[in-house]
file data-v6.pdb (PDB, N, CA and C atoms)
ATOM      1  N   MET A   1      85.418 127.806 116.433
ATOM      2  CA  MET A   1      86.278 126.953 117.223
ATOM      3  C   MET A   1      85.723 125.527 117.253
ATOM      4  N   LEU A   2      84.432 125.402 117.557
ATOM      5  CA  LEU A   2      83.803 124.090 117.626
ATOM      6  C   LEU A   2      83.783 123.420 116.258
ATOM      7  N   LYS A   3      83.582 124.230 115.218
ATOM      8  CA  LYS A   3      83.561 123.691 113.856
ATOM      9  C   LYS A   3      84.922 123.098 113.488
ATOM     10  N   GLY A   4      85.996 123.771 113.877
ATOM     11  CA  GLY A   4      87.342 123.276 113.604
ATOM     12  C   GLY A   4      87.643 121.989 114.343
ATOM     13  N   ILE A   5      87.209 121.905 115.596
ATOM     14  CA  ILE A   5      87.424 120.689 116.385
ATOM     15  C   ILE A   5      86.640 119.530 115.784
ATOM     16  N   LEU A   6      85.414 119.790 115.375
ATOM     17  CA  LEU A   6      84.587 118.754 114.763
ATOM     18  C   LEU A   6      85.207 118.265 113.454
ATOM     19  N   ALA A   7      85.700 119.184 112.636
ATOM     20  CA  ALA A   7      86.346 118.799 111.381
ATOM     21  C   ALA A   7      87.600 117.967 111.657
ATOM     22  N   PHE A   8      88.365 118.355 112.671
ATOM     23  CA  PHE A   8      89.562 117.603 113.037
ATOM     24  C   PHE A   8      89.209 116.188 113.478
ATOM     25  N   LEU A   9      88.158 116.052 114.276
ATOM     26  CA  LEU A   9      87.738 114.733 114.739
ATOM     27  C   LEU A   9      87.254 113.857 113.588
ATOM     28  N   ILE A  10      86.528 114.436 112.651
ATOM     29  CA  ILE A  10      86.057 113.678 111.493
ATOM     30  C   ILE A  10      87.239 113.196 110.664
ATOM     31  N   ILE A  11      88.219 114.070 110.447
ATOM     32  CA  ILE A  11      89.412 113.679 109.687
ATOM     33  C   ILE A  11      90.176 112.585 110.418
ATOM     34  N   LEU A  12      90.274 112.701 111.728
ATOM     35  CA  LEU A  12      90.968 111.694 112.523
ATOM     36  C   LEU A  12      90.280 110.335 112.419
ATOM     37  N   VAL A  13      88.960 110.316 112.476
ATOM     38  CA  VAL A  13      88.212 109.062 112.340
ATOM     39  C   VAL A  13      88.395 108.470 110.946
ATOM     40  N   LEU A  14      88.347 109.303 109.910
ATOM     41  CA  LEU A  14      88.537 108.817 108.551
ATOM     42  C   LEU A  14      89.942 108.244 108.346
ATOM     43  N   LEU A  15      90.941 108.880 108.943
ATOM     44  CA  LEU A  15      92.303 108.348 108.843
ATOM     45  C   LEU A  15      92.429 107.013 109.569
ATOM     46  N   ALA A  16      91.759 106.878 110.705
ATOM     47  CA  ALA A  16      91.785 105.606 111.434
ATOM     48  C   ALA A  16      91.128 104.506 110.609
ATOM     49  N   ILE A  17      90.007 104.822 109.971
ATOM     50  CA  ILE A  17      89.331 103.840 109.117
ATOM     51  C   ILE A  17      90.226 103.465 107.937
ATOM     52  N   ALA A  18      90.884 104.454 107.345
ATOM     53  CA  ALA A  18      91.787 104.182 106.218
ATOM     54  C   ALA A  18      92.948 103.296 106.657
ATOM     55  N   PHE A  19      93.461 103.512 107.861
ATOM     56  CA  PHE A  19      94.551 102.679 108.375
ATOM     57  C   PHE A  19      94.094 101.234 108.552
ATOM     58  N   VAL A  20      92.898 101.053 109.089
ATOM     59  CA  VAL A  20      92.378  99.699 109.298
ATOM     60  C   VAL A  20      92.149  99.000 107.956
ATOM     61  N   VAL A  21      91.546  99.695 107.009
ATOM     62  CA  VAL A  21      91.297  99.102 105.691
ATOM     63  C   VAL A  21      92.621  98.790 104.997
ATOM     64  N   GLY A  22      93.574  99.698 105.097
ATOM     65  CA  GLY A  22      94.868  99.480 104.469
ATOM     66  C   GLY A  22      95.626  98.309 105.055
ATOM     67  N   SER A  23      95.516  98.132 106.350
ATOM     68  CA  SER A  23      96.238  97.033 106.976
ATOM     69  C   SER A  23      95.611  95.674 106.640
ATOM     70  N   GLN A  24      94.372  95.654 106.230
ATOM     71  CA  GLN A  24      93.699  94.406 105.890
ATOM     72  C   GLN A  24      93.838  94.036 104.414
ATOM     73  N   ASN A  25      94.420  94.919 103.598
ATOM     74  CA  ASN A  25      94.530  94.681 102.154
ATOM     75  C   ASN A  25      95.992  94.671 101.729
ATOM     76  N   GLU A  26      96.693  93.616 102.094
ATOM     77  CA  GLU A  26      98.120  93.505 101.784
ATOM     78  C   GLU A  26      98.394  92.720 100.500
ATOM     79  N   ALA A  27      97.379  92.249  99.830
ATOM     80  CA  ALA A  27      97.567  91.434  98.624
ATOM     81  C   ALA A  27      98.206  92.260  97.508
ATOM     82  N   GLN A  28      99.012  91.603  96.691
ATOM     83  CA  GLN A  28      99.626  92.243  95.536
ATOM     84  C   GLN A  28      98.675  92.115  94.343
ATOM     85  N   VAL A  29      98.496  93.214  93.632
ATOM     86  CA  VAL A  29      97.663  93.202  92.431
ATOM     87  C   VAL A  29      98.473  93.799  91.276
ATOM     88  N   THR A  30      98.138  93.395  90.071
ATOM     89  CA  THR A  30      98.787  93.936  88.880
ATOM     90  C   THR A  30      97.882  95.006  88.295
ATOM     91  N   VAL A  31      98.441  96.202  88.145
ATOM     92  CA  VAL A  31      97.703  97.327  87.585
ATOM     93  C   VAL A  31      98.237  97.566  86.178
ATOM     94  N   ASN A  32      97.361  97.495  85.181
ATOM     95  CA  ASN A  32      97.744  97.707  83.781
ATOM     96  C   ASN A  32      97.458  99.152  83.403
ATOM     97  N   TYR A  33      98.512  99.881  83.021
ATOM     98  CA  TYR A  33      98.374 101.228  82.501
ATOM     99  C   TYR A  33      98.222 101.144  80.991
ATOM    100  N   LEU A  34      98.166 102.276  80.347
ATOM    101  CA  LEU A  34      98.076 102.259  78.881
ATOM    102  C   LEU A  34      99.350 101.723  78.247
ATOM    103  N   ILE A  35     100.499 102.053  78.822
ATOM    104  CA  ILE A  35     101.766 101.633  78.207
ATOM    105  C   ILE A  35     102.619 100.767  79.123
ATOM    106  N   ALA A  36     102.195 100.540  80.352
ATOM    107  CA  ALA A  36     103.007  99.757  81.288
ATOM    108  C   ALA A  36     102.100  99.043  82.275
ATOM    109  N   GLN A  37     102.730  98.298  83.170
ATOM    110  CA  GLN A  37     101.982  97.666  84.252
ATOM    111  C   GLN A  37     102.865  97.633  85.484
ATOM    112  N   ALA A  38     102.230  97.554  86.646
ATOM    113  CA  ALA A  38     102.973  97.549  87.902
ATOM    114  C   ALA A  38     102.302  96.610  88.881
ATOM    115  N   ASN A  39     103.094  96.033  89.751
ATOM    116  CA  ASN A  39     102.580  95.219  90.852
ATOM    117  C   ASN A  39     102.569  96.085  92.103
ATOM    118  N   LEU A  40     101.386  96.345  92.627
ATOM    119  CA  LEU A  40     101.230  97.198  93.804
ATOM    120  C   LEU A  40     100.389  96.473  94.850
ATOM    121  N   ARG A  41     100.530  96.907  96.095
ATOM    122  CA  ARG A  41      99.650  96.384  97.132
ATOM    123  C   ARG A  41      98.251  96.944  96.909
ATOM    124  N   LEU A  42      97.251  96.179  97.258
ATOM    125  CA  LEU A  42      95.863  96.605  97.071
ATOM    126  C   LEU A  42      95.570  97.877  97.860
ATOM    127  N   SER A  43      96.129  97.994  99.054
ATOM    128  CA  SER A  43      95.904  99.205  99.861
ATOM    129  C   SER A  43      96.471 100.441  99.172
ATOM    130  N   THR A  44      97.593 100.295  98.465
ATOM    131  CA  THR A  44      98.177 101.419  97.730
ATOM    132  C   THR A  44      97.274 101.823  96.567
ATOM    133  N   VAL A  45      96.734 100.850  95.861
ATOM    134  CA  VAL A  45      95.826 101.142  94.747
ATOM    135  C   VAL A  45      94.576 101.856  95.264
ATOM    136  N   ILE A  46      94.044 101.393  96.383
ATOM    137  CA  ILE A  46      92.862 102.041  96.973
ATOM    138  C   ILE A  46      93.185 103.478  97.352
ATOM    139  N   ALA A  47      94.337 103.697  97.986
ATOM    140  CA  ALA A  47      94.719 105.046  98.398
ATOM    141  C   ALA A  47      94.908 105.971  97.206
ATOM    142  N   ILE A  48      95.546 105.466  96.151
ATOM    143  CA  ILE A  48      95.777 106.292  94.957
ATOM    144  C   ILE A  48      94.454 106.662  94.289
ATOM    145  N   THR A  49      93.565 105.690  94.098
ATOM    146  CA  THR A  49      92.295 105.992  93.434
ATOM    147  C   THR A  49      91.415 106.899  94.295
ATOM    148  N   LEU A  50      91.453 106.719  95.600
ATOM    149  CA  LEU A  50      90.694 107.607  96.484
ATOM    150  C   LEU A  50      91.233 109.027  96.418
ATOM    151  N   SER A  51      92.554 109.176  96.401
ATOM    152  CA  SER A  51      93.167 110.500  96.315
ATOM    153  C   SER A  51      92.821 111.185  94.997
ATOM    154  N   ILE A  52      92.856 110.433  93.918
ATOM    155  CA  ILE A  52      92.499 111.008  92.615
ATOM    156  C   ILE A  52      91.032 111.440  92.612
ATOM    157  N   GLY A  53      90.149 110.619  93.173
ATOM    158  CA  GLY A  53      88.735 110.969  93.245
ATOM    159  C   GLY A  53      88.479 112.212  94.087
ATOM    160  N   VAL A  54      89.150 112.306  95.222
ATOM    161  CA  VAL A  54      89.001 113.489  96.076
ATOM    162  C   VAL A  54      89.529 114.727  95.361
ATOM    163  N   GLY A  55      90.661 114.579  94.678
ATOM    164  CA  GLY A  55      91.221 115.706  93.933
ATOM    165  C   GLY A  55      90.285 116.197  92.840
ATOM    166  N   ILE A  56      89.698 115.277  92.091
ATOM    167  CA  ILE A  56      88.745 115.656  91.040
ATOM    168  C   ILE A  56      87.515 116.330  91.657
ATOM    169  N   GLY A  57      87.036 115.791  92.766
ATOM    170  CA  GLY A  57      85.892 116.401  93.442
ATOM    171  C   GLY A  57      86.187 117.810  93.914
ATOM    172  N   ILE A  58      87.381 118.016  94.460
ATOM    173  CA  ILE A  58      87.764 119.352  94.925
ATOM    174  C   ILE A  58      87.855 120.320  93.748
ATOM    175  N   LEU A  59      88.422 119.869  92.625
ATOM    176  CA  LEU A  59      88.508 120.735  91.447
ATOM    177  C   LEU A  59      87.130 121.125  90.933
ATOM    178  N   ILE A  60      86.210 120.176  90.898
ATOM    179  CA  ILE A  60      84.851 120.479  90.437
ATOM    180  C   ILE A  60      84.176 121.480  91.382
ATOM    181  N   MET A  61      84.333 121.264  92.680
ATOM    182  CA  MET A  61      83.739 122.197  93.644
ATOM    183  C   MET A  61      84.390 123.578  93.563
ATOM    184  N   LEU A  62      85.699 123.622  93.296
ATOM    185  CA  LEU A  62      86.395 124.897  93.171
ATOM    186  C   LEU A  62      85.885 125.682  91.978
ATOM    187  N   VAL A  63      85.671 125.009  90.856
ATOM    188  CA  VAL A  63      85.138 125.683  89.673
ATOM    189  C   VAL A  63      83.745 126.241  89.962
ATOM    190  N   SER A  64      82.917 125.445  90.617
ATOM    191  CA  SER A  64      81.568 125.897  90.968
ATOM    192  C   SER A  64      81.630 127.078  91.931
ATOM    193  N   TRP A  65      82.517 127.009  92.924
ATOM    194  CA  TRP A  65      82.643 128.085  93.905
ATOM    195  C   TRP A  65      83.123 129.368  93.231
ATOM    196  N   LEU A  66      84.091 129.247  92.318
ATOM    197  CA  LEU A  66      84.588 130.427  91.623
ATOM    198  C   LEU A  66      83.510 131.062  90.751
ATOM    199  N   ARG A  67      82.704 130.243  90.095
ATOM    200  CA  ARG A  67      81.624 130.769  89.271
ATOM    201  C   ARG A  67      80.616 131.550  90.135
ATOM    202  N   LEU A  68      80.271 130.994  91.289
ATOM    203  CA  LEU A  68      79.351 131.690  92.187
ATOM    204  C   LEU A  68      79.974 132.970  92.745
ATOM    205  N   ARG A  69      81.272 132.931  93.011
ATOM    206  CA  ARG A  69      81.969 134.107  93.531
ATOM    207  C   ARG A  69      81.954 135.242  92.507
ATOM    208  N   VAL A  70      82.162 134.902  91.231
ATOM    209  CA  VAL A  70      82.124 135.919  90.175
ATOM    210  C   VAL A  70      80.721 136.497  90.044
ATOM    211  N   GLN A  71      79.699 135.649  90.117
ATOM    212  CA  GLN A  71      78.321 136.134  90.059
ATOM    213  C   GLN A  71      78.022 137.054  91.239
ATOM    214  N   LEU A  72      78.513 136.719  92.423
ATOM    215  CA  LEU A  72      78.289 137.553  93.598
ATOM    216  C   LEU A  72      78.959 138.906  93.434
ATOM    217  N   MET A  73      80.195 138.916  92.956
ATOM    218  CA  MET A  73      80.898 140.183  92.759
ATOM    219  C   MET A  73      80.190 141.046  91.721
ATOM    220  N   SER A  74      79.663 140.418  90.674
ATOM    221  CA  SER A  74      78.925 141.147  89.648
ATOM    222  C   SER A  74      77.647 141.751  90.226
ATOM    223  N   ALA A  75      76.931 140.967  91.023
ATOM    224  CA  ALA A  75      75.701 141.473  91.637
ATOM    225  C   ALA A  75      75.998 142.603  92.618
ATOM    226  N   GLN A  76      77.078 142.491  93.372
ATOM    227  CA  GLN A  76      77.432 143.551  94.319
ATOM    228  C   GLN A  76      77.799 144.839  93.596
ATOM    229  N   SER A  77      78.490 144.730  92.478
ATOM    230  CA  SER A  77      78.828 145.943  91.727
ATOM    231  C   SER A  77      77.580 146.578  91.122
ATOM    232  N   LYS A  78      76.613 145.754  90.687
ATOM    233  CA  LYS A  78      75.358 146.305  90.173
ATOM    234  C   LYS A  78      74.589 147.012  91.268
ATOM    235  N   ILE A  79      74.585 146.445  92.461
ATOM    236  CA  ILE A  79      73.894 147.061  93.591
ATOM    237  C   ILE A  79      74.540 148.396  93.926
ATOM    238  N   GLN A  80      75.860 148.445  93.937
ATOM    239  CA  GLN A  80      76.551 149.699  94.236
ATOM    240  C   GLN A  80      76.262 150.760  93.189
ATOM    241  N   SER A  81      76.235 150.381  91.915
ATOM    242  CA  SER A  81      75.947 151.355  90.862
ATOM    243  C   SER A  81      74.508 151.850  90.955
ATOM    244  N   LEU A  82      73.568 150.972  91.327
ATOM    245  CA  LEU A  82      72.170 151.389  91.485
ATOM    246  C   LEU A  82      72.005 152.294  92.696
ATOM    247  N   GLU A  83      72.743 152.034  93.777
ATOM    248  CA  GLU A  83      72.681 152.879  94.964
ATOM    249  C   GLU A  83      73.247 154.251  94.688
ATOM    250  N   GLN A  84      74.242 154.355  93.849
ATOM    251  CA  GLN A  84      74.858 155.656  93.530
ATOM    252  C   GLN A  84      73.943 156.484  92.642
ATOM    253  N   GLU A  85      73.076 155.857  91.858
ATOM    254  CA  GLU A  85      72.156 156.578  91.002
ATOM    255  C   GLU A  85      71.075 157.269  91.815
ATOM    256  N   HIS A  86      70.692 156.680  92.939
ATOM    257  CA  HIS A  86      69.596 157.261  93.724
ATOM    258  C   HIS A  86      70.128 158.050  94.825
TER     259      HIS A  86
END
call {"tool": "encode", "arguments": {"input": "data-v6.pdb", "output": "structure tokens"}}
result
Amino acid sequence: MLKGILAFLIILVLLAIAFVVGSQNEAQVTVNYLIAQANLRLSTVIAITLSIGVGIGILIMLVSWLRLRVQLMSAQSKIQSLEQEH
């Protein structure tokens, strides 16, 4: 329960900081893609790049977590087979 409240408060503080940073970056910037370009607000560019970075980080952590989960399941099955032998 306390862990959930703490996580909620941290997310709330991060959103407040993002709102303040976003409101201070209203300048228009030109973003060049490989085949196109767009004029976006700086706060939008920051939000998009931050979201992409968080998404990549989550994917990397998910792959690592899944690898550890498979190793754990393998070790548990080995333990069960060894316990059945004795």
call {"tool": "select_by_dssp", "arguments": {"input": "data-v6.pdb", "residues": "chain A", "states": "helix (DSSP H, G or I)", "output": "MDAnalysis selection string"}}
result
chainID A and resid 2:24 42:85
call {"tool": "atom_distance", "arguments": {"input": "data-v6.pdb", "atom1": "CA of Leu14 in chain A", "atom2": "atom C of Ile60 in chain A"}}
result
21.8 Å
call {"tool": "resolve_selection", "arguments": {"input": "data-v6.pdb", "expression": "the PyMOL selection byres ((chain A and resi 36-46) around 8)", "output": "short mmCIF file (atom, residue, chain, number, x, y, z; two decimals) with N, CA and C atoms, in the coordinates of the input"}}
result
data_model
loop_
_atom_site.label_atom_id
_atom_site.label_comp_id
_atom_site.auth_asym_id
_atom_site.auth_seq_id
_atom_site.Cartn_x
_atom_site.Cartn_y
_atom_site.Cartn_z
N VAL A 21 91.55 99.70 107.01
CA VAL A 21 91.30 99.10 105.69
C VAL A 21 92.62 98.79 105.00
N GLY A 22 93.57 99.70 105.10
CA GLY A 22 94.87 99.48 104.47
C GLY A 22 95.63 98.31 105.06
N SER A 23 95.52 98.13 106.35
CA SER A 23 96.24 97.03 106.98
C SER A 23 95.61 95.67 106.64
N GLN A 24 94.37 95.65 106.23
CA GLN A 24 93.70 94.41 105.89
C GLN A 24 93.84 94.04 104.41
N ASN A 25 94.42 94.92 103.60
CA ASN A 25 94.53 94.68 102.15
C ASN A 25 95.99 94.67 101.73
N GLU A 26 96.69 93.62 102.09
CA GLU A 26 98.12 93.50 101.78
C GLU A 26 98.39 92.72 100.50
N ALA A 27 97.38 92.25 99.83
CA ALA A 27 97.57 91.43 98.62
C ALA A 27 98.21 92.26 97.51
N GLN A 28 99.01 91.60 96.69
CA GLN A 28 99.63 92.24 95.54
C GLN A 28 98.68 92.12 94.34
N VAL A 29 98.50 93.21 93.63
CA VAL A 29 97.66 93.20 92.43
C VAL A 29 98.47 93.80 91.28
N THR A 30 98.14 93.40 90.07
CA THR A 30 98.79 93.94 88.88
C THR A 30 97.88 95.01 88.30
N VAL A 31 98.44 96.20 88.14
CA VAL A 31 97.70 97.33 87.58
C VAL A 31 98.24 97.57 86.18
N ASN A 32 97.36 97.50 85.18
CA ASN A 32 97.74 97.71 83.78
C ASN A 32 97.46 99.15 83.40
N TYR A 33 98.51 99.88 83.02
CA TYR A 33 98.37 101.23 82.50
C TYR A 33 98.22 101.14 80.99
N LEU A 34 98.17 102.28 80.35
CA LEU A 34 98.08 102.26 78.88
C LEU A 34 99.35 101.72 78.25
N ILE A 35 100.50 102.05 78.82
CA ILE A 35 101.77 101.63 78.21
C ILE A 35 102.62 100.77 79.12
N ALA A 47 94.34 103.70 97.99
CA ALA A 47 94.72 105.05 98.40
C ALA A 47 94.91 105.97 97.21
N ILE A 48 95.55 105.47 96.15
CA ILE A 48 95.78 106.29 94.96
C ILE A 48 94.45 106.66 94.29
N THR A 49 93.56 105.69 94.10
CA THR A 49 92.30 105.99 93.43
C THR A 49 91.42 106.90 94.30
N LEU A 50 91.45 106.72 95.60
CA LEU A 50 90.69 107.61 96.48
C LEU A 50 91.23 109.03 96.42
N SER A 51 92.55 109.18 96.40
CA SER A 51 93.17 110.50 96.32
C SER A 51 92.82 111.18 95.00
N ILE A 52 92.86 110.43 93.92
CA ILE A 52 92.50 111.01 92.62
C ILE A 52 91.03 111.44 92.61
#
call {"tool": "atom_distance", "arguments": {"input": "data-v6.pdb", "atom1": "atom N of Ile11 in chain A", "atom2": "CA of Val54 in chain A"}}
result
14.4 Å
call {"tool": "atom_distance", "arguments": {"input": "data-v6.pdb", "atom1": "CA of Leu62 in chain A", "atom2": "CA of Ala7 in chain A"}}
result
19.2 Å
